[in-house]
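Engineer: Contents of query_37.tsv (TSV, C-alpha atoms) are below:
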chain	number	residue	atom	x	y	z
A	1	MET	CA	245.05	131.73	61.50
A	2	ILE	CA	245.18	135.53	61.34
A	3	ALA	CA	248.38	137.38	62.38
A	4	GLN	CA	248.13	140.12	65.02
A	5	ALA	CA	248.65	143.72	63.95
A	6	ASP	CA	251.95	144.16	65.87
A	7	SER	CA	253.49	140.99	64.53
A	8	PRO	CA	256.28	141.26	61.99
A	9	HIS	CA	254.13	139.09	59.75
A	10	ALA	CA	251.07	141.29	60.04
A	11	GLY	CA	249.05	141.40	56.85
A	12	ARG	CA	250.51	138.13	55.65
A	13	CYS	CA	248.78	134.81	55.81
A	14	SER	CA	250.13	131.39	56.22
A	15	LEU	CA	249.78	128.98	53.29
A	16	ASN	CA	248.40	126.44	55.71
A	17	ASP	CA	246.23	128.61	57.93
A	18	GLY	CA	243.66	126.48	59.57
A	19	MET	CA	245.42	123.33	58.42
A	20	GLY	CA	247.39	122.73	61.64
A	21	GLY	CA	250.80	123.99	60.42
A	22	THR	CA	252.51	127.12	59.15
A	23	ALA	CA	254.64	127.94	56.14
A	24	PRO	CA	255.36	131.68	56.37
A	25	GLN	CA	255.77	133.75	53.21
A	26	GLU	CA	259.28	134.95	52.54
A	27	GLU	CA	260.12	138.53	51.67
A	28	GLY	CA	259.55	139.28	47.98
A	29	ASP	CA	257.03	136.49	47.50
A	30	ALA	CA	254.08	137.57	45.35
A	31	ILE	CA	250.59	136.93	46.56
A	32	ARG	CA	248.37	136.14	43.62
A	33	PRO	CA	244.60	135.79	43.75
A	34	PRO	CA	243.41	132.23	43.31
A	35	VAL	CA	242.52	131.14	39.79
A	36	ARG	CA	238.73	130.60	39.62
A	37	TYR	CA	237.00	128.06	37.31
A	38	SER	CA	233.34	127.89	36.40
A	39	ALA	CA	233.54	124.26	37.40
A	40	PRO	CA	236.51	122.65	39.14
A	41	VAL	CA	238.47	120.26	36.95
A	42	THR	CA	238.33	117.01	38.81
A	43	PRO	CA	238.85	113.43	37.71
A	44	GLU	CA	235.09	112.93	38.06
A	45	SER	CA	234.20	115.81	35.69
A	46	ILE	CA	236.74	114.60	33.15
A	47	ALA	CA	235.25	111.12	33.32
A	48	ASN	CA	231.72	112.51	32.81
A	49	ALA	CA	232.77	114.51	29.76
A	50	ALA	CA	234.57	111.53	28.31
A	51	ALA	CA	231.52	109.34	28.94
A	52	THR	CA	229.28	111.81	27.05
A	53	VAL	CA	231.61	111.86	24.04
A	54	ILE	CA	232.01	108.10	24.09
A	55	ALA	CA	228.24	107.59	24.33
A	56	SER	CA	227.66	109.83	21.29
A	57	LEU	CA	230.34	108.04	19.33
A	58	GLY	CA	228.98	104.73	20.52
A	59	THR	CA	225.55	105.59	19.18
A	60	LEU	CA	226.98	106.41	15.76
A	61	ILE	CA	229.21	103.36	15.79
A	62	GLY	CA	226.27	101.22	16.95
A	63	ILE	CA	224.14	102.35	14.04
A	64	ALA	CA	226.97	101.78	11.59
A	65	SER	CA	227.81	98.38	13.05
A	66	ARG	CA	224.14	97.33	12.99
A	67	ARG	CA	223.82	98.20	9.30
A	68	LYS	CA	227.06	96.37	8.62
A	69	ARG	CA	225.73	93.35	10.52
A	70	TRP	CA	222.53	93.42	8.44
A	71	ARG	CA	224.57	93.46	5.25
A	72	ASN	CA	226.68	90.55	6.39
A	73	ASP	CA	223.59	88.61	7.47
A	74	ILE	CA	221.96	89.22	4.09
A	75	ARG	CA	225.05	88.00	2.24
A	76	GLU	CA	225.31	84.89	4.39
A	77	ASN	CA	221.59	84.13	4.13
A	78	LEU	CA	221.67	84.55	0.35
A	79	SER	CA	224.44	82.00	0.17
A	80	LEU	CA	222.50	79.69	2.46
A	81	ALA	CA	219.36	80.13	0.34
A	82	GLU	CA	221.31	79.00	-2.73
A	83	GLU	CA	222.44	75.90	-0.84
A	84	LEU	CA	218.86	75.16	0.27
A	85	GLU	CA	217.67	75.40	-3.33
A	86	LYS	CA	220.03	72.54	-4.17
A	87	ASN	CA	218.43	70.30	-1.53
A	88	SER	CA	215.27	68.96	-3.17
A	89	LEU	CA	213.90	67.58	0.10
A	90	LEU	CA	214.09	70.88	1.99
A	91	ARG	CA	213.03	72.86	-1.07
A	92	ASP	CA	209.96	70.84	-2.03
A	93	GLN	CA	208.82	69.25	1.23
A	94	THR	CA	209.40	71.99	3.80
A	95	PRO	CA	208.88	75.78	3.97
A	96	ALA	CA	212.54	76.30	4.92
A	97	VAL	CA	213.34	78.23	1.73
A	98	VAL	CA	210.33	80.50	2.22
A	99	TRP	CA	211.29	81.15	5.85
A	100	LEU	CA	214.83	82.12	4.95
A	101	ASN	CA	213.74	84.29	2.02
A	102	THR	CA	211.26	86.03	4.33
A	103	LYS	CA	214.08	86.93	6.72
A	104	ILE	CA	216.20	88.18	3.83
A	105	ALA	CA	213.34	90.34	2.55
A	106	LEU	CA	212.73	91.79	6.03
A	107	ASP	CA	216.43	92.60	6.51
A	108	VAL	CA	216.63	94.27	3.09
A	109	ALA	CA	213.52	96.33	3.88
A	110	LYS	CA	215.00	97.47	7.20
A	111	LEU	CA	218.36	98.25	5.60
A	112	SER	CA	216.73	100.37	2.88
A	113	GLY	CA	214.36	102.09	5.30
A	114	GLN	CA	211.17	100.72	3.78
A	115	SER	CA	208.02	100.70	5.90
A	116	LEU	CA	206.57	97.28	6.62
A	117	GLY	CA	203.14	96.02	7.52
A	118	THR	CA	199.88	97.89	7.12
A	119	PRO	CA	200.41	101.50	5.99
A	120	LYS	CA	199.48	104.15	8.54
A	121	LYS	CA	198.16	107.68	8.37
A	122	PRO	CA	200.61	110.40	9.45
A	123	ILE	CA	200.30	111.69	13.00
A	124	PRO	CA	198.29	114.97	13.00
A	125	TRP	CA	200.86	116.99	14.91
A	126	GLY	CA	198.79	120.16	14.60
A	127	SER	CA	195.89	118.56	16.45
A	128	VAL	CA	198.27	117.04	19.01
A	129	PHE	CA	199.83	120.44	19.73
A	130	PHE	CA	196.46	122.19	19.95
A	131	SER	CA	195.01	119.53	22.28
A	132	THR	CA	198.15	119.56	24.45
A	133	LEU	CA	198.06	123.35	24.70
A	134	LEU	CA	194.41	123.36	25.76
A	135	ALA	CA	195.01	120.50	28.21
A	136	ALA	CA	197.87	122.43	29.82
A	137	GLY	CA	195.84	125.61	30.07
A	138	PHE	CA	192.69	124.05	31.50
A	139	GLY	CA	194.79	121.76	33.70
A	140	TYR	CA	196.57	124.72	35.27
A	141	TRP	CA	193.24	126.49	35.71
A	142	THR	CA	191.85	123.43	37.49
A	143	TYR	CA	194.89	123.31	39.75
A	144	TRP	CA	194.61	127.03	40.54
A	145	LEU	CA	190.93	126.75	41.41
A	146	ASN	CA	191.67	123.98	43.89
A	147	THR	CA	194.71	125.53	45.60
A	148	GLY	CA	192.62	126.44	48.63
A	149	GLY	CA	190.61	123.26	48.61
A	150	PHE	CA	188.28	121.50	46.23
A	151	VAL	CA	185.56	123.60	44.60
A	152	TRP	CA	182.80	122.01	42.60
A	153	TYR	CA	183.07	124.35	39.61
A	154	SER	CA	186.62	123.10	38.96
A	155	VAL	CA	185.06	119.96	37.54
A	156	LEU	CA	184.29	121.68	34.23
A	157	PRO	CA	187.89	122.65	33.34
A	158	GLY	CA	189.01	119.30	34.75
A	159	VAL	CA	186.72	117.44	32.33
A	160	ILE	CA	187.93	119.58	29.43
A	161	THR	CA	191.52	118.79	30.43
A	162	PHE	CA	190.76	115.08	30.43
A	163	LEU	CA	189.08	115.27	27.03
A	164	MET	CA	192.01	117.17	25.52
A	165	VAL	CA	194.49	114.61	26.89
A	166	MET	CA	192.40	111.79	25.42
A	167	SER	CA	192.24	113.65	22.09
A	168	ALA	CA	196.03	114.01	21.95
A	169	TYR	CA	196.49	110.37	22.96
A	170	GLY	CA	193.96	109.17	20.39
A	171	SER	CA	195.93	110.86	17.60
A	172	PHE	CA	198.55	108.13	17.98
A	173	LEU	CA	196.06	105.24	17.83
A	174	ASN	CA	194.14	103.47	15.05
A	175	ARG	CA	196.14	105.07	12.26
A	176	GLU	CA	196.15	101.96	10.08
A	177	ILE	CA	194.81	102.56	6.57
A	178	LEU	CA	192.16	99.92	6.08
A	179	PRO	CA	192.10	98.11	2.72
A	180	ASN	CA	189.41	98.98	0.25
A	181	THR	CA	186.38	96.81	0.91
A	182	ASP	CA	184.59	97.69	-2.33
A	183	GLU	CA	185.92	94.47	-3.81
A	184	GLU	CA	184.98	91.81	-1.27
A	185	LEU	CA	187.07	88.67	-1.21
A	186	PRO	CA	185.45	85.29	-1.78
A	187	ASP	CA	184.39	83.24	1.21
A	188	GLY	CA	187.33	81.37	2.68
A	189	ALA	CA	189.94	83.52	0.95
A	190	THR	CA	193.09	84.50	2.86
A	191	PRO	CA	194.48	87.89	1.79
A	192	VAL	CA	198.20	88.29	1.21
A	193	ARG	CA	198.29	91.68	2.94
A	194	SER	CA	198.60	91.43	6.71
A	195	ASP	CA	199.27	93.65	9.72
A	196	ASP	CA	202.34	91.53	10.38
A	197	ALA	CA	205.14	92.31	7.93
A	198	SER	CA	206.79	88.90	8.30
A	199	GLU	CA	203.52	87.09	7.62
A	200	GLU	CA	202.77	89.29	4.60
A	201	ILE	CA	206.18	88.63	3.05
A	202	THR	CA	205.85	84.91	3.74
A	203	ARG	CA	202.48	84.81	1.98
A	204	SER	CA	203.84	86.81	-0.96
A	205	LEU	CA	206.81	84.49	-1.34
A	206	THR	CA	204.57	81.44	-1.06
A	207	MET	CA	202.29	82.81	-3.77
A	208	ALA	CA	205.27	83.64	-5.96
A	209	GLY	CA	206.57	80.12	-5.52
A	210	MET	CA	203.21	78.70	-6.58
A	211	ALA	CA	203.07	80.76	-9.76
A	212	ASP	CA	204.80	79.97	-13.03
A	213	ASP	CA	207.03	82.96	-13.73
A	214	GLU	CA	206.86	82.50	-17.51
A	215	ARG	CA	203.08	82.93	-17.46
A	216	SER	CA	203.45	86.37	-15.84
A	217	GLU	CA	205.97	87.65	-18.36
A	218	ASP	CA	204.80	90.24	-20.90
A	219	ASP	CA	204.62	87.56	-23.59
A	220	GLY	CA	203.16	84.91	-21.25
A	221	GLN	CA	199.52	83.90	-20.91
A	222	LEU	CA	198.77	86.21	-17.98
A	223	GLY	CA	200.84	89.05	-19.39
A	224	ILE	CA	198.96	89.01	-22.72
A	225	ALA	CA	195.58	88.97	-20.95
A	226	PHE	CA	196.52	91.96	-18.79
A	227	GLN	CA	197.80	93.89	-21.81
A	228	PHE	CA	194.64	93.14	-23.76
A	229	ILE	CA	192.43	94.55	-20.99
A	230	SER	CA	194.65	97.62	-20.59
A	231	HIS	CA	194.55	98.45	-24.32
A	232	ILE	CA	190.79	97.95	-24.51
A	233	LEU	CA	190.15	100.23	-21.52
A	234	ALA	CA	192.49	102.82	-23.04
A	235	GLY	CA	190.53	102.73	-26.33
A	236	GLU	CA	193.45	101.22	-28.24
A	237	PHE	CA	191.73	98.51	-30.26
A	238	ASP	CA	194.45	98.20	-32.91
A	239	GLN	CA	197.08	97.49	-30.23
A	240	ALA	CA	194.73	95.01	-28.57
A	241	ALA	CA	194.13	93.34	-31.95
A	242	ASP	CA	197.86	92.57	-32.20
A	243	LEU	CA	197.51	90.34	-29.10
A	244	VAL	CA	194.63	88.16	-30.30
A	245	ASP	CA	194.13	85.18	-32.58
A	246	THR	CA	193.09	85.96	-36.17
A	247	ASN	CA	190.09	83.70	-35.68
A	248	TRP	CA	188.87	85.91	-32.80
A	249	ILE	CA	189.16	89.06	-34.93
A	250	LEU	CA	187.27	87.36	-37.77
A	251	CYS	CA	184.44	86.33	-35.45
A	252	ARG	CA	184.20	89.83	-33.94
A	253	ILE	CA	183.97	91.30	-37.45
A	254	GLN	CA	181.35	88.75	-38.47
A	255	ALA	CA	179.31	89.46	-35.35
A	256	TRP	CA	179.42	93.21	-36.06
A	257	LEU	CA	178.43	92.75	-39.70
A	258	TRP	CA	175.60	90.42	-38.67
A	259	ASN	CA	174.28	92.92	-36.12
A	260	ASN	CA	174.31	95.62	-38.82
A	261	ARG	CA	172.84	93.51	-41.60
A	262	ASN	CA	169.84	95.82	-41.88
A	263	GLN	CA	172.16	98.54	-43.20
A	264	LEU	CA	174.68	96.32	-44.99
A	265	GLY	CA	172.28	93.78	-46.44
A	266	GLU	CA	171.56	90.18	-45.53
A	267	ASP	CA	173.42	88.59	-48.43
A	268	LEU	CA	175.72	86.16	-46.58
A	269	GLU	CA	178.21	85.99	-49.46
A	270	ARG	CA	178.55	89.77	-49.46
A	271	LEU	CA	178.94	89.83	-45.69
A	272	ALA	CA	181.62	87.13	-45.92
A	273	SER	CA	183.44	89.14	-48.59
A	274	LEU	CA	183.31	92.25	-46.39
A	275	ALA	CA	184.66	90.31	-43.42
A	276	ASP	CA	187.59	88.94	-45.45
A	277	ALA	CA	188.40	92.40	-46.80
A	278	MET	CA	188.25	94.02	-43.35
A	279	ILE	CA	190.51	91.47	-41.71
A	280	GLU	CA	192.99	91.73	-44.57
A	281	ASN	CA	193.11	95.52	-44.86
A	282	ARG	CA	192.16	96.44	-41.29
A	283	GLY	CA	192.82	100.17	-40.81
A	284	ASP	CA	192.73	100.83	-44.56
A	285	HIS	CA	189.16	99.51	-44.93
A	286	ASP	CA	186.30	102.02	-44.94
A	287	LEU	CA	184.35	100.13	-42.27
A	288	TRP	CA	187.26	99.49	-39.91
A	289	GLY	CA	186.89	102.76	-37.99
A	290	GLU	CA	183.19	102.18	-37.33
A	291	PHE	CA	183.86	98.60	-36.31
A	292	THR	CA	186.64	99.46	-33.83
A	293	ALA	CA	184.63	102.34	-32.33
A	294	SER	CA	181.70	100.00	-31.77
A	295	GLU	CA	183.95	97.34	-30.21
A	296	ILE	CA	185.61	99.80	-27.83
A	297	ALA	CA	182.22	101.15	-26.76
A	298	ASP	CA	180.85	97.65	-26.10
A	299	PHE	CA	183.90	96.47	-24.16
A	300	GLN	CA	184.17	99.63	-22.09
A	301	THR	CA	180.49	99.35	-21.20
A	302	GLY	CA	181.11	95.88	-19.81
A	303	TRP	CA	184.62	96.42	-18.40
A	304	GLY	CA	184.57	100.12	-17.53
A	305	HIS	CA	184.57	99.35	-13.80
A	306	LEU	CA	187.76	97.30	-14.00
A	307	ASP	CA	191.11	98.57	-12.76
A	308	PRO	CA	193.97	96.51	-14.23
A	309	GLU	CA	196.12	97.47	-11.24
A	310	LYS	CA	193.67	95.72	-8.91
A	311	LEU	CA	193.33	92.50	-10.89
A	312	GLY	CA	195.17	89.32	-10.03
A	313	GLY	CA	195.80	86.18	-12.04
A	314	ALA	CA	195.15	82.65	-10.81
A	315	SER	CA	198.52	81.12	-10.01
A	316	ARG	CA	197.80	77.55	-11.14
A	317	ARG	CA	198.16	76.77	-14.83
A	318	ARG	CA	194.95	75.48	-16.46
A	319	ARG	CA	195.55	73.57	-19.70
A	320	VAL	CA	192.43	72.69	-21.66
A	321	ALA	CA	193.97	71.31	-24.87
A	322	ARG	CA	197.20	71.20	-26.81
A	323	ASP	CA	198.44	74.78	-27.14
A	324	TYR	CA	195.39	76.11	-25.25
A	325	ASP	CA	195.47	77.47	-21.68
A	326	LEU	CA	192.76	79.02	-19.57
A	327	VAL	CA	193.58	82.24	-17.70
A	328	VAL	CA	191.45	83.52	-14.82
A	329	LEU	CA	191.70	87.16	-13.73
A	330	ALA	CA	189.86	88.33	-10.63
A	331	PRO	CA	189.61	91.59	-8.69
A	332	VAL	CA	191.76	91.59	-5.56
A	333	GLY	CA	191.11	95.15	-4.37
A	334	ASP	CA	193.79	96.31	-1.94
A	335	SER	CA	194.39	92.84	-0.52
A	336	GLY	CA	197.54	92.28	-2.58
A	337	GLY	CA	196.10	88.93	-3.71
A	338	TYR	CA	194.62	86.02	-1.80
A	339	PHE	CA	194.71	82.25	-1.33
A	340	VAL	CA	191.87	79.79	-1.66
A	341	ASN	CA	192.30	76.24	-0.40
A	342	SER	CA	189.23	74.70	-2.03
A	343	ALA	CA	186.94	75.15	-5.00
A	344	THR	CA	185.63	78.69	-4.66
A	345	ILE	CA	183.24	80.86	-6.63
A	346	VAL	CA	185.17	84.04	-7.42
A	347	PRO	CA	182.85	87.04	-7.99
A	348	GLY	CA	183.75	89.30	-10.89
A	349	ALA	CA	186.29	86.86	-12.38
A	350	LEU	CA	187.16	87.05	-16.08
A	351	THR	CA	188.02	83.93	-18.08
A	352	PHE	CA	190.28	84.08	-21.13
A	353	LEU	CA	191.25	81.30	-23.47
A	354	MET	CA	194.83	81.67	-24.64
A	355	ARG	CA	196.34	79.94	-27.67
A	356	ARG	CA	199.97	79.31	-28.47
A	357	TYR	CA	200.27	80.08	-32.16
A	358	GLU	CA	203.49	80.37	-34.18
A	359	GLY	CA	205.63	80.46	-31.05
A	360	ARG	CA	203.69	83.10	-29.13
A	361	TRP	CA	200.62	83.32	-26.91
A	362	VAL	CA	197.54	85.12	-28.21
A	363	LEU	CA	194.00	85.56	-26.90
A	364	ALA	CA	191.62	83.06	-28.48
A	365	SER	CA	188.39	83.88	-26.59
A	366	HIS	CA	187.29	86.34	-23.93
A	367	LEU	CA	184.10	84.51	-22.99
A	368	THR	CA	184.39	80.75	-22.76
A	369	THR	CA	186.80	77.83	-22.63
A	370	ALA	CA	186.47	77.16	-26.38
A	371	PRO	CA	187.49	79.28	-29.36
A	372	PRO	CA	184.60	80.83	-31.33
A	373	THR	CA	183.47	79.29	-34.61
A	374	PRO	CA	183.23	81.64	-37.63
A	375	GLY	CA	179.89	82.07	-39.36
A	376	PHE	CA	176.89	84.37	-39.64
A	377	PRO	CA	176.36	84.69	-36.79
A	378	PRO	CA	179.57	83.25	-35.26
A	379	ALA	CA	179.25	80.77	-32.39
A	380	TRP	CA	180.70	82.02	-29.10
A	381	TRP	CA	179.48	78.99	-27.17
A	382	VAL	CA	177.63	81.16	-24.67
A	383	VAL	CA	174.22	80.12	-23.43
A	384	GLY	CA	171.69	82.88	-24.10
A	385	ASP	CA	173.61	84.54	-26.96
A	386	PRO	CA	170.95	86.93	-28.43
A	387	SER	CA	172.28	86.42	-31.96
A	388	ILE	CA	171.61	82.69	-31.68
A	389	ASP	CA	168.24	83.15	-30.01
A	390	GLU	CA	167.04	85.17	-33.01
A	391	LEU	CA	167.72	82.32	-35.44
A	392	GLU	CA	164.79	80.29	-36.69
A	393	GLY	CA	164.53	76.55	-36.04
The structure in this file should be written as structure tokens.

Structural biologist:
Amino acid sequence: MIAQADSPHAGRCSLNDGMGGTAPQEEGDAIRPPVRYSAPVTPESIANAAATVIASLGTLIGIASRRKRWRNDIRENLSLAEELEKNSLLRDQTPAVVWLNTKIALDVAKLSGQSLGTPKKPIPWGSVFFSTLLAAGFGYWTYWLNTGGFVWYSVLPGVITFLMVMSAYGSFLNREILPNTDEELPDGATPVRSDDASEEITRSLTMAGMADDERSEDDGQLGIAFQFISHILAGEFDQAADLVDTNWILCRIQAWLWNNRNQLGEDLERLASLADAMIENRGDHDLWGEFTASEIADFQTGWGHLDPEKLGGASRRRRVARDYDLVVLAPVGDSGGYFVNSATIVPGALTFLMRRYEGRWVLASHLTTAPPTPGFPPAWWVVGDPSIDELEG
């Protein structure tokens, strides 16, 4: 309520004016202006602020706790995997070990931030921004043209708007990087690489379980074959020669001498003497440089298209005799390897005969399943060998 001008309390206001009661100011009381806040401090505002802070902390704590949970799960699953390995029935007769190892691999990949599944192209944000900008501009133009009612010529900017929206949307689709199809897989082959990360890891673990780890070591049958190809393609014949059987080197020298008999003479005893001297002295012999250059040229002509990084080795061991194994290498392209469940013709496959000699594996033949036989010319046991076809009788 407002005091009248002639009242002794004129100019003063009651603390409870309008509230149904009065509490008059006493003489000497100060009248201060009310304290103003940008937002009134109420229990509700305090609760909202606290909720915001707690939500932010909860997000951080949630991320930390999730990573901690992954670590704990990995530790527990590793222990369980060790127990499963001790159970021969579950290990050999069921895929339980593979399933558990797949989960462990997936959790480790997530924990380390590794991408899984088929690799994807990056999103072209420049194109997305440009398409969105055009869509917004033409969309507003379409809206402005139709503010007073539909006009037919607004269809053109409307269509452009639609196309720009579809262009921006399409930038997020079909970004998978397709595997290289230059090397086609055999009929009936199942590639290891898959769009599903779990399935891909399961296939990889299954293939690893099928393979003999010792064969894939650097000094194993597969490892020696891969190294031999790599050295040959790099033009390093001397390094490749350290990985092969002495009998193979002798036969390669004999074949080279036989093919150059018009320059070296056709005296077989002299050719045999040259072959023995070359294999004994190797780099110190006068003809060794010409021989190795010719060998590198011939091998690179036949194998120049090979990429050792895109070759895979057959997982099953193939023993052909005591101390002799057969190794099959085949192109796998970008498939990461593949399975075959039946006898399959593998295009582009290379067959190597490996021999265990003096405690180590060496290459015994690069052509057939039998070691070559020395002679002039040597026998490689290949049908249609031109050196054999030229012989009389």

Engineer: Please provide as a PyMOL selection string all residues within 7 Å of segment 228-235 of chain A, with the sequence filter that same-chain residues fewer than 5 positions apart are discarded (counting only C-alpha atoms).

Structural biologist: chain A and resi 240+243+296+300+304+308

Engineer: Quick one, how far is atom CA of Gly170 of chain A from atom CA of Val128 of chain A?

Structural biologist: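 Atom CA of Val128 of chain A lies 9.1 Å from atom CA of Gly170 of chain A.
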
Engineer: For Leu367 of chain A, which residue among A:Leu134, A:Val332, A:Leu326, A:Ile123 is the nearest when counting all atoms listed in the file?

Structural biologist: A:Leu326

Engineer: In Å, how far is it from atom CA of Val382 of chain A to atom CA of Ile253 of chain A?

Structural biologist: 17.5 Å

Engineer: I'd like the interatomic distance between atom CA of Leu350 of chain A and atom CA of Asn259 of chain A, to a tenth of an Å.

Structural biologist: 24.5 Å

Engineer: Need the axis-aligned box for segment 171-174 of chain A with 8 Å each side, so what are the centre and edges in Å to one decimal, as lines of an AutoDock Vina configuration file?

Structural biologist:
center_x = 196.3
center_y = 107.2
center_z = 16.5
size_x = 20.4
size_y = 23.4
size_z = 18.9

Engineer: Go through A:Trp256, A:Tyr169, A:Tyr357, A:Tyr324 and flag the residue nearest Pro378 of chain A, using only C-alpha atoms for the distances.

Structural biologist: A:Trp256

Engineer: With distances taken over only C-alpha atoms, which residue among A:Gly375, A:Gln254, A:Phe226, A:His305 lies nearest Val328 of chain A?

Structural biologist: A:Phe226

Engineer: With distances taken over only C-alpha atoms, which of A:Ala81, A:Leu173, A:Leu363, A:Ala293 is nearest to Asn247 of chain A?

Structural biologist: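 For Asn247 of chain A, the nearest of the candidates is A:Leu363.
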
Engineer: Can you tell me, as an MDAnalysis selection string, what residues are no more than 6 Å from segment 152-162 of chain A when counting all atoms listed in the file, ignoring any on the same chain fewer than 2 positions away?

Structural biologist: chainID A and resid 135 138:139 142 164:165
